[in-house]
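What follows is the content of structure-v5.cif, which has mmCIF, C-alpha atoms:
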```cif
data_data
#
loop_
_atom_site.group_PDB
_atom_site.id
_atom_site.type_symbol
_atom_site.label_atom_id
_atom_site.label_comp_id
_atom_site.auth_asym_id
_atom_site.auth_seq_id
_atom_site.Cartn_x
_atom_site.Cartn_y
_atom_site.Cartn_z
ATOM 1 C CA ASP A 1446 -21.481 -48.945 -79.103
ATOM 2 C CA MET A 1447 -18.102 -49.468 -80.723
ATOM 3 C CA TYR A 1448 -16.980 -53.028 -79.887
ATOM 4 C CA LEU A 1449 -13.289 -53.969 -79.745
ATOM 5 C CA VAL A 1450 -12.280 -57.616 -79.227
ATOM 6 C CA LYS A 1451 -8.699 -58.878 -78.773
ATOM 7 C CA THR A 1452 -7.919 -62.574 -79.294
ATOM 8 C CA ASP A 1453 -4.876 -64.798 -79.073
ATOM 9 C CA ALA A 1454 -3.331 -66.526 -82.084
ATOM 10 C CA ASP A 1455 -5.992 -69.260 -81.928
ATOM 11 C CA GLY A 1456 -8.901 -66.813 -81.847
ATOM 12 C CA ASN A 1457 -9.619 -67.160 -78.141
ATOM 13 C CA GLU A 1458 -10.910 -63.921 -76.647
ATOM 14 C CA GLU A 1459 -8.451 -62.197 -74.315
ATOM 15 C CA TRP A 1460 -10.514 -59.070 -73.646
ATOM 16 C CA SER A 1461 -13.213 -56.865 -75.130
ATOM 17 C CA LYS A 1462 -14.181 -53.228 -74.714
ATOM 18 C CA THR A 1463 -17.019 -50.959 -75.761
ATOM 19 C CA PHE A 1464 -16.913 -47.222 -76.449
ATOM 20 C CA GLY A 1465 -19.677 -44.699 -76.901
ATOM 21 C CA GLY A 1466 -22.551 -42.939 -75.225
ATOM 22 C CA SER A 1467 -26.323 -42.818 -75.355
ATOM 23 C CA GLY A 1468 -26.545 -42.802 -79.155
ATOM 24 C CA ARG A 1469 -25.273 -45.026 -81.965
ATOM 25 C CA ASP A 1470 -21.467 -45.424 -82.088
ATOM 26 C CA ILE A 1471 -19.909 -47.677 -84.726
ATOM 27 C CA ALA A 1472 -16.310 -48.519 -85.704
ATOM 28 C CA ARG A 1473 -15.595 -49.169 -89.373
ATOM 29 C CA SER A 1474 -11.809 -49.426 -89.107
ATOM 30 C CA VAL A 1475 -9.172 -50.497 -86.565
ATOM 31 C CA ILE A 1476 -5.386 -50.182 -86.621
ATOM 32 C CA GLN A 1477 -2.628 -51.037 -84.149
ATOM 33 C CA THR A 1478 -0.503 -48.038 -83.255
ATOM 34 C CA SER A 1479 3.248 -47.825 -82.765
ATOM 35 C CA ASP A 1480 2.870 -47.892 -78.959
ATOM 36 C CA GLY A 1481 0.970 -51.206 -79.078
ATOM 37 C CA GLY A 1482 -2.442 -49.601 -78.601
ATOM 38 C CA TYR A 1483 -5.316 -49.339 -81.039
ATOM 39 C CA VAL A 1484 -7.210 -46.659 -82.939
ATOM 40 C CA LEU A 1485 -10.805 -47.128 -84.033
ATOM 41 C CA GLY A 1486 -12.374 -44.933 -86.684
ATOM 42 C CA GLY A 1487 -16.079 -44.652 -87.398
ATOM 43 C CA TYR A 1488 -18.957 -42.456 -86.400
ATOM 44 C CA THR A 1489 -20.898 -41.339 -83.351
ATOM 45 C CA SER A 1490 -24.319 -39.910 -82.641
ATOM 46 C CA SER A 1491 -23.478 -39.615 -78.923
ATOM 47 C CA PHE A 1492 -20.834 -36.891 -79.116
ATOM 48 C CA GLY A 1493 -19.694 -34.074 -81.392
ATOM 49 C CA ASN A 1494 -21.111 -31.088 -83.223
ATOM 50 C CA GLY A 1495 -23.965 -32.584 -85.190
ATOM 51 C CA SER A 1496 -26.420 -35.441 -85.456
ATOM 52 C CA VAL A 1497 -23.599 -37.786 -86.529
ATOM 53 C CA ASP A 1498 -19.858 -37.051 -86.574
ATOM 54 C CA MET A 1499 -16.648 -38.852 -87.429
ATOM 55 C CA TYR A 1500 -15.351 -40.569 -84.287
ATOM 56 C CA LEU A 1501 -11.755 -41.524 -83.505
ATOM 57 C CA VAL A 1502 -10.930 -43.489 -80.327
ATOM 58 C CA LYS A 1503 -7.376 -44.234 -79.106
ATOM 59 C CA THR A 1504 -6.728 -47.029 -76.608
ATOM 60 C CA ASP A 1505 -3.717 -48.472 -74.842
ATOM 61 C CA ALA A 1506 -2.514 -52.036 -75.468
ATOM 62 C CA ASN A 1507 -5.193 -53.386 -73.108
ATOM 63 C CA GLY A 1508 -8.044 -51.583 -74.837
ATOM 64 C CA ASN A 1509 -8.474 -48.854 -72.239
ATOM 65 C CA GLU A 1510 -9.531 -45.550 -73.797
ATOM 66 C CA GLU A 1511 -6.821 -42.883 -73.747
ATOM 67 C CA TRP A 1512 -8.663 -40.245 -75.757
ATOM 68 C CA SER A 1513 -11.375 -39.719 -78.333
ATOM 69 C CA GLU A 1514 -12.152 -36.966 -80.824
ATOM 70 C CA THR A 1515 -14.991 -36.091 -83.176
ATOM 71 C CA TYR A 1516 -14.840 -34.298 -86.528
ATOM 72 C CA GLY A 1517 -17.518 -32.667 -88.634
ATOM 73 C CA GLY A 1518 -20.179 -30.011 -88.702
ATOM 74 C CA PRO A 1519 -23.926 -29.851 -88.140
ATOM 75 C CA ASN A 1520 -24.719 -32.315 -90.963
ATOM 76 C CA PRO A 1521 -23.972 -36.069 -90.798
ATOM 77 C CA ASP A 1522 -20.311 -37.094 -91.122
ATOM 78 C CA GLY A 1523 -18.722 -40.528 -90.815
ATOM 79 C CA ALA A 1524 -15.455 -42.409 -91.336
ATOM 80 C CA TYR A 1525 -15.155 -45.720 -93.162
ATOM 81 C CA SER A 1526 -11.375 -46.042 -92.975
ATOM 82 C CA ALA A 1527 -8.579 -44.750 -90.735
ATOM 83 C CA ILE A 1528 -4.812 -45.063 -91.179
ATOM 84 C CA LEU A 1529 -1.661 -44.198 -89.281
ATOM 85 C CA THR A 1530 0.291 -41.575 -91.243
ATOM 86 C CA SER A 1531 4.055 -41.332 -91.653
ATOM 87 C CA ASP A 1532 4.294 -38.398 -89.215
ATOM 88 C CA GLY A 1533 2.629 -40.382 -86.415
ATOM 89 C CA GLY A 1534 -0.796 -38.841 -86.898
ATOM 90 C CA TYR A 1535 -3.949 -40.259 -88.441
ATOM 91 C CA ALA A 1536 -6.041 -39.800 -91.566
ATOM 92 C CA LEU A 1537 -9.730 -40.663 -91.790
ATOM 93 C CA VAL A 1538 -11.913 -40.823 -94.871
ATOM 94 C CA GLY A 1539 -15.630 -41.243 -95.357
ATOM 95 C CA LEU A 1540 -18.477 -38.861 -96.041
ATOM 96 C CA SER A 1541 -19.842 -35.467 -95.133
ATOM 97 C CA ARG A 1542 -23.380 -34.421 -96.040
ATOM 98 C CA ASN A 1543 -23.413 -31.022 -97.699
ATOM 99 C CA GLY A 1544 -26.014 -28.285 -97.597
ATOM 100 C CA THR A 1545 -27.997 -29.714 -100.526
ATOM 101 C CA GLY A 1546 -28.397 -33.131 -98.903
ATOM 102 C CA ASP A 1547 -25.780 -34.950 -100.993
ATOM 103 C CA ASP A 1548 -22.731 -36.710 -99.585
ATOM 104 C CA ASP A 1549 -19.180 -35.610 -100.380
ATOM 105 C CA ILE A 1550 -15.969 -37.491 -99.683
ATOM 106 C CA TYR A 1551 -14.573 -36.195 -96.382
ATOM 107 C CA LEU A 1552 -10.850 -36.458 -95.566
ATOM 108 C CA VAL A 1553 -9.544 -35.456 -92.134
ATOM 109 C CA LYS A 1554 -5.872 -35.340 -91.083
ATOM 110 C CA THR A 1555 -4.941 -35.258 -87.398
ATOM 111 C CA ASP A 1556 -1.800 -35.148 -85.302
ATOM 112 C CA ALA A 1557 -0.746 -37.966 -82.970
ATOM 113 C CA ASP A 1558 -3.189 -36.789 -80.291
ATOM 114 C CA GLY A 1559 -6.168 -36.663 -82.640
ATOM 115 C CA ASN A 1560 -6.206 -32.885 -83.043
ATOM 116 C CA GLU A 1561 -7.463 -31.925 -86.501
ATOM 117 C CA GLU A 1562 -4.763 -30.401 -88.714
ATOM 118 C CA TRP A 1563 -6.865 -30.035 -91.848
ATOM 119 C CA SER A 1564 -9.858 -31.446 -93.671
ATOM 120 C CA LYS A 1565 -10.957 -31.587 -97.296
ATOM 121 C CA THR A 1566 -14.072 -32.560 -99.231
ATOM 122 C CA PHE A 1567 -14.291 -33.949 -102.766
ATOM 123 C CA GLY A 1568 -17.254 -34.482 -105.028
ATOM 124 C CA GLY A 1569 -19.889 -32.840 -107.142
ATOM 125 C CA ALA A 1570 -23.648 -32.463 -107.440
ATOM 126 C CA SER A 1571 -24.532 -36.028 -106.401
ATOM 127 C CA ASP A 1572 -23.372 -38.542 -103.765
ATOM 128 C CA ASP A 1573 -19.625 -39.216 -103.510
ATOM 129 C CA ILE A 1574 -18.228 -41.468 -100.744
ATOM 130 C CA ALA A 1575 -14.792 -42.951 -99.987
ATOM 131 C CA TYR A 1576 -14.463 -46.327 -98.250
ATOM 132 C CA SER A 1577 -10.691 -46.749 -98.330
ATOM 133 C CA ILE A 1578 -7.562 -44.611 -97.904
ATOM 134 C CA LEU A 1579 -3.831 -45.176 -98.192
ATOM 135 C CA GLN A 1580 -0.859 -42.880 -97.778
ATOM 136 C CA THR A 1581 1.129 -43.041 -100.988
ATOM 137 C CA SER A 1582 4.888 -43.274 -101.435
ATOM 138 C CA ASP A 1583 5.087 -39.517 -102.186
ATOM 139 C CA GLY A 1584 3.423 -38.607 -98.869
ATOM 140 C CA GLY A 1585 0.030 -37.891 -100.397
ATOM 141 C CA TYR A 1586 -3.167 -39.898 -100.155
ATOM 142 C CA ILE A 1587 -5.219 -42.109 -102.430
ATOM 143 C CA LEU A 1588 -8.945 -42.472 -101.791
ATOM 144 C CA GLY A 1589 -11.193 -45.189 -103.204
ATOM 145 C CA GLY A 1590 -14.981 -45.226 -103.221
ATOM 146 C CA TYR A 1591 -17.749 -44.248 -105.573
ATOM 147 C CA THR A 1592 -19.137 -41.198 -107.331
ATOM 148 C CA GLY A 1593 -22.556 -40.308 -108.632
ATOM 149 C CA SER A 1594 -21.292 -36.909 -109.784
ATOM 150 C CA PHE A 1595 -18.721 -37.832 -112.413
ATOM 151 C CA GLY A 1596 -18.194 -40.497 -115.056
ATOM 152 C CA ASN A 1597 -20.756 -41.901 -117.456
ATOM 153 C CA GLY A 1598 -23.885 -40.820 -115.611
ATOM 154 C CA GLN A 1599 -24.090 -43.974 -113.474
ATOM 155 C CA VAL A 1600 -22.532 -44.637 -110.061
ATOM 156 C CA GLN A 1601 -18.894 -45.520 -110.741
ATOM 157 C CA MET A 1602 -15.737 -46.436 -108.874
ATOM 158 C CA TYR A 1603 -13.982 -43.219 -107.876
ATOM 159 C CA LEU A 1604 -10.243 -42.835 -107.325
ATOM 160 C CA VAL A 1605 -8.913 -39.531 -105.938
ATOM 161 C CA LYS A 1606 -5.215 -38.691 -105.506
ATOM 162 C CA THR A 1607 -4.115 -35.841 -103.222
ATOM 163 C CA ASP A 1608 -0.838 -34.286 -102.197
ATOM 164 C CA ALA A 1609 0.435 -34.380 -98.609
ATOM 165 C CA ASP A 1610 -1.818 -31.433 -97.681
ATOM 166 C CA GLY A 1611 -4.968 -33.051 -99.053
ATOM 167 C CA ASN A 1612 -5.170 -30.985 -102.237
ATOM 168 C CA GLU A 1613 -6.578 -32.958 -105.165
ATOM 169 C CA GLU A 1614 -4.015 -33.785 -107.852
ATOM 170 C CA TRP A 1615 -6.256 -35.948 -110.042
ATOM 171 C CA SER A 1616 -9.309 -38.199 -109.989
ATOM 172 C CA LYS A 1617 -10.533 -41.068 -112.172
ATOM 173 C CA THR A 1618 -13.740 -43.068 -112.583
ATOM 174 C CA PHE A 1619 -14.136 -46.719 -113.581
ATOM 175 C CA GLY A 1620 -17.139 -48.828 -114.484
ATOM 176 C CA GLY A 1621 -19.867 -49.583 -116.948
ATOM 177 C CA ALA A 1622 -23.607 -49.173 -117.322
ATOM 178 C CA GLY A 1623 -24.519 -50.409 -113.823
ATOM 179 C CA GLY A 1624 -23.404 -49.391 -110.343
ATOM 180 C CA ASP A 1625 -19.703 -49.797 -109.550
ATOM 181 C CA TYR A 1626 -18.224 -49.284 -106.076
ATOM 182 C CA ALA A 1627 -14.664 -49.539 -104.694
ATOM 183 C CA TYR A 1628 -14.392 -50.788 -101.104
ATOM 184 C CA SER A 1629 -10.662 -51.501 -100.909
ATOM 185 C CA ILE A 1630 -7.534 -50.060 -102.510
ATOM 186 C CA LEU A 1631 -3.834 -50.932 -102.581
ATOM 187 C CA GLN A 1632 -0.770 -49.312 -104.083
ATOM 188 C CA THR A 1633 0.939 -51.883 -106.285
ATOM 189 C CA SER A 1634 4.645 -52.613 -106.589
ATOM 190 C CA ASP A 1635 4.844 -50.788 -109.948
ATOM 191 C CA GLY A 1636 3.521 -47.591 -108.381
ATOM 192 C CA GLY A 1637 -0.028 -47.979 -109.641
ATOM 193 C CA TYR A 1638 -3.186 -48.882 -107.751
ATOM 194 C CA VAL A 1639 -5.666 -51.750 -107.581
ATOM 195 C CA LEU A 1640 -9.283 -51.312 -106.499
ATOM 196 C CA GLY A 1641 -11.657 -54.033 -105.342
ATOM 197 C CA GLY A 1642 -15.413 -53.685 -105.175
#
```
Could you write out this file's structure as structure tokens?
Amino acid sequence: DMYLVKTDADGNEEWSKTFGGSGRDIARSVIQTSDGGYVLGGYTSSFGNGSVDMYLVKTDANGNEEWSETYGGPNPDGAYSAILTSDGGYALVGLSRNGTGDDDIYLVKTDADGNEEWSKTFGGASDDIAYSILQTSDGGYILGGYTGSFGNGQVQMYLVKTDADGNEEWSKTFGGAGGDYAYSILQTSDGGYVLGG
């Protein structure tokens, strides 16, 4: 099950909660919301449309579930990162398995109640996964992860920039002869980006 633990400033546990059903339910990301509650993003095999779906759980300030939503189709889908967006909604990024068995980057935008507004996929003929997302200063999104579809023929860091509606504006790859993966991304003070992996 998803496991949420709240501590005091010294790391002493104040409360903990679990969320999920009869299957595997895992949180990969947690954020505090403007009302003092929390949102967990990850994946579930207990609920949804397919074997595994993206899973978003909203709690109050005491960790009590207020609502949950799933996103995805009949193939496996999962979220590695979730953020609060400037309009009060949420954006999740991770993977969606396509009809040929490869993974594509999967970006889902919701409103404040978790209702899906739109979703997009990015990638090519091989596996492409995003582990990190930020909303950029222009209202768009920047996604960091890896690609096996583009670059020099090896797995490389993959950076995808979208507009506010999730439409790709550009993408870049980084790396050498081995495998290169981006797990974290920041927008820097000069307007650029830094990737760690």
Among A:Leu1537, A:Ala1454, A:Met1499, A:Leu1604, A:Val1639 is approached most closely, using all atoms listed in the file, by A:Leu1604
Which residue of A:Trp1512, A:Ala1472, A:Ser1479, A:Gly1590 approaches A:Ala1524 most closely, using only C-alpha atoms: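 Nearest to A:Ala1524: A:Ala1472.
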Any idea what the distance is between atom CA of A:Gly1621 and atom CA of A:Ser1571?
->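 Result for atom CA of A:Gly1621 versus atom CA of A:Ser1571: 17.8 Å, one decimal.
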Step by step, work through what the PyMOL selection byres ((chain A and resi 1541-1545) around 7) selects in the shown file, and finish by giving those residues as a PDB file with C-alpha atoms, in the coordinates of the input.
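As a result, part-v6.pdb now contains:
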```pdb
ATOM      1  CA  ASN A1520     -24.719 -32.315 -90.963  1.00  0.00           C
ATOM      2  CA  PRO A1521     -23.972 -36.069 -90.798  1.00  0.00           C
ATOM      3  CA  ASP A1522     -20.311 -37.094 -91.122  1.00  0.00           C
ATOM      4  CA  GLY A1523     -18.722 -40.528 -90.815  1.00  0.00           C
ATOM      5  CA  LEU A1540     -18.477 -38.861 -96.041  1.00  0.00           C
ATOM      6  CA  GLY A1546     -28.397 -33.131 -98.903  1.00  0.00           C
ATOM      7  CA  ASP A1547     -25.780 -34.950-100.993  1.00  0.00           C
ATOM      8  CA  ASP A1548     -22.731 -36.710 -99.585  1.00  0.00           C
ATOM      9  CA  ASP A1549     -19.180 -35.610-100.380  1.00  0.00           C
ATOM     10  CA  ILE A1550     -15.969 -37.491 -99.683  1.00  0.00           C
ATOM     11  CA  TYR A1551     -14.573 -36.195 -96.382  1.00  0.00           C
TER      12      TYR A1551
END
```
task: Just the residues within 10 Å of A:Ser1526, please, counting all atoms listed in the file, with nothing from its chain fewer than 2 positions along; format it as a list of chain:residue names.
output: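 Everything that qualifies: A:Ala1472, A:Arg1473, A:Ser1474, A:Val1475, A:Ile1476, A:Leu1485, A:Gly1486, A:Gly1487, A:Gly1523, A:Ala1524, A:Ile1528, A:Ala1536, A:Leu1537, A:Val1538, A:Gly1539, A:Leu1552, A:Ala1575, A:Tyr1576, A:Ser1577, A:Ile1578, A:Leu1579, A:Leu1588, A:Tyr1628, A:Ser1629.
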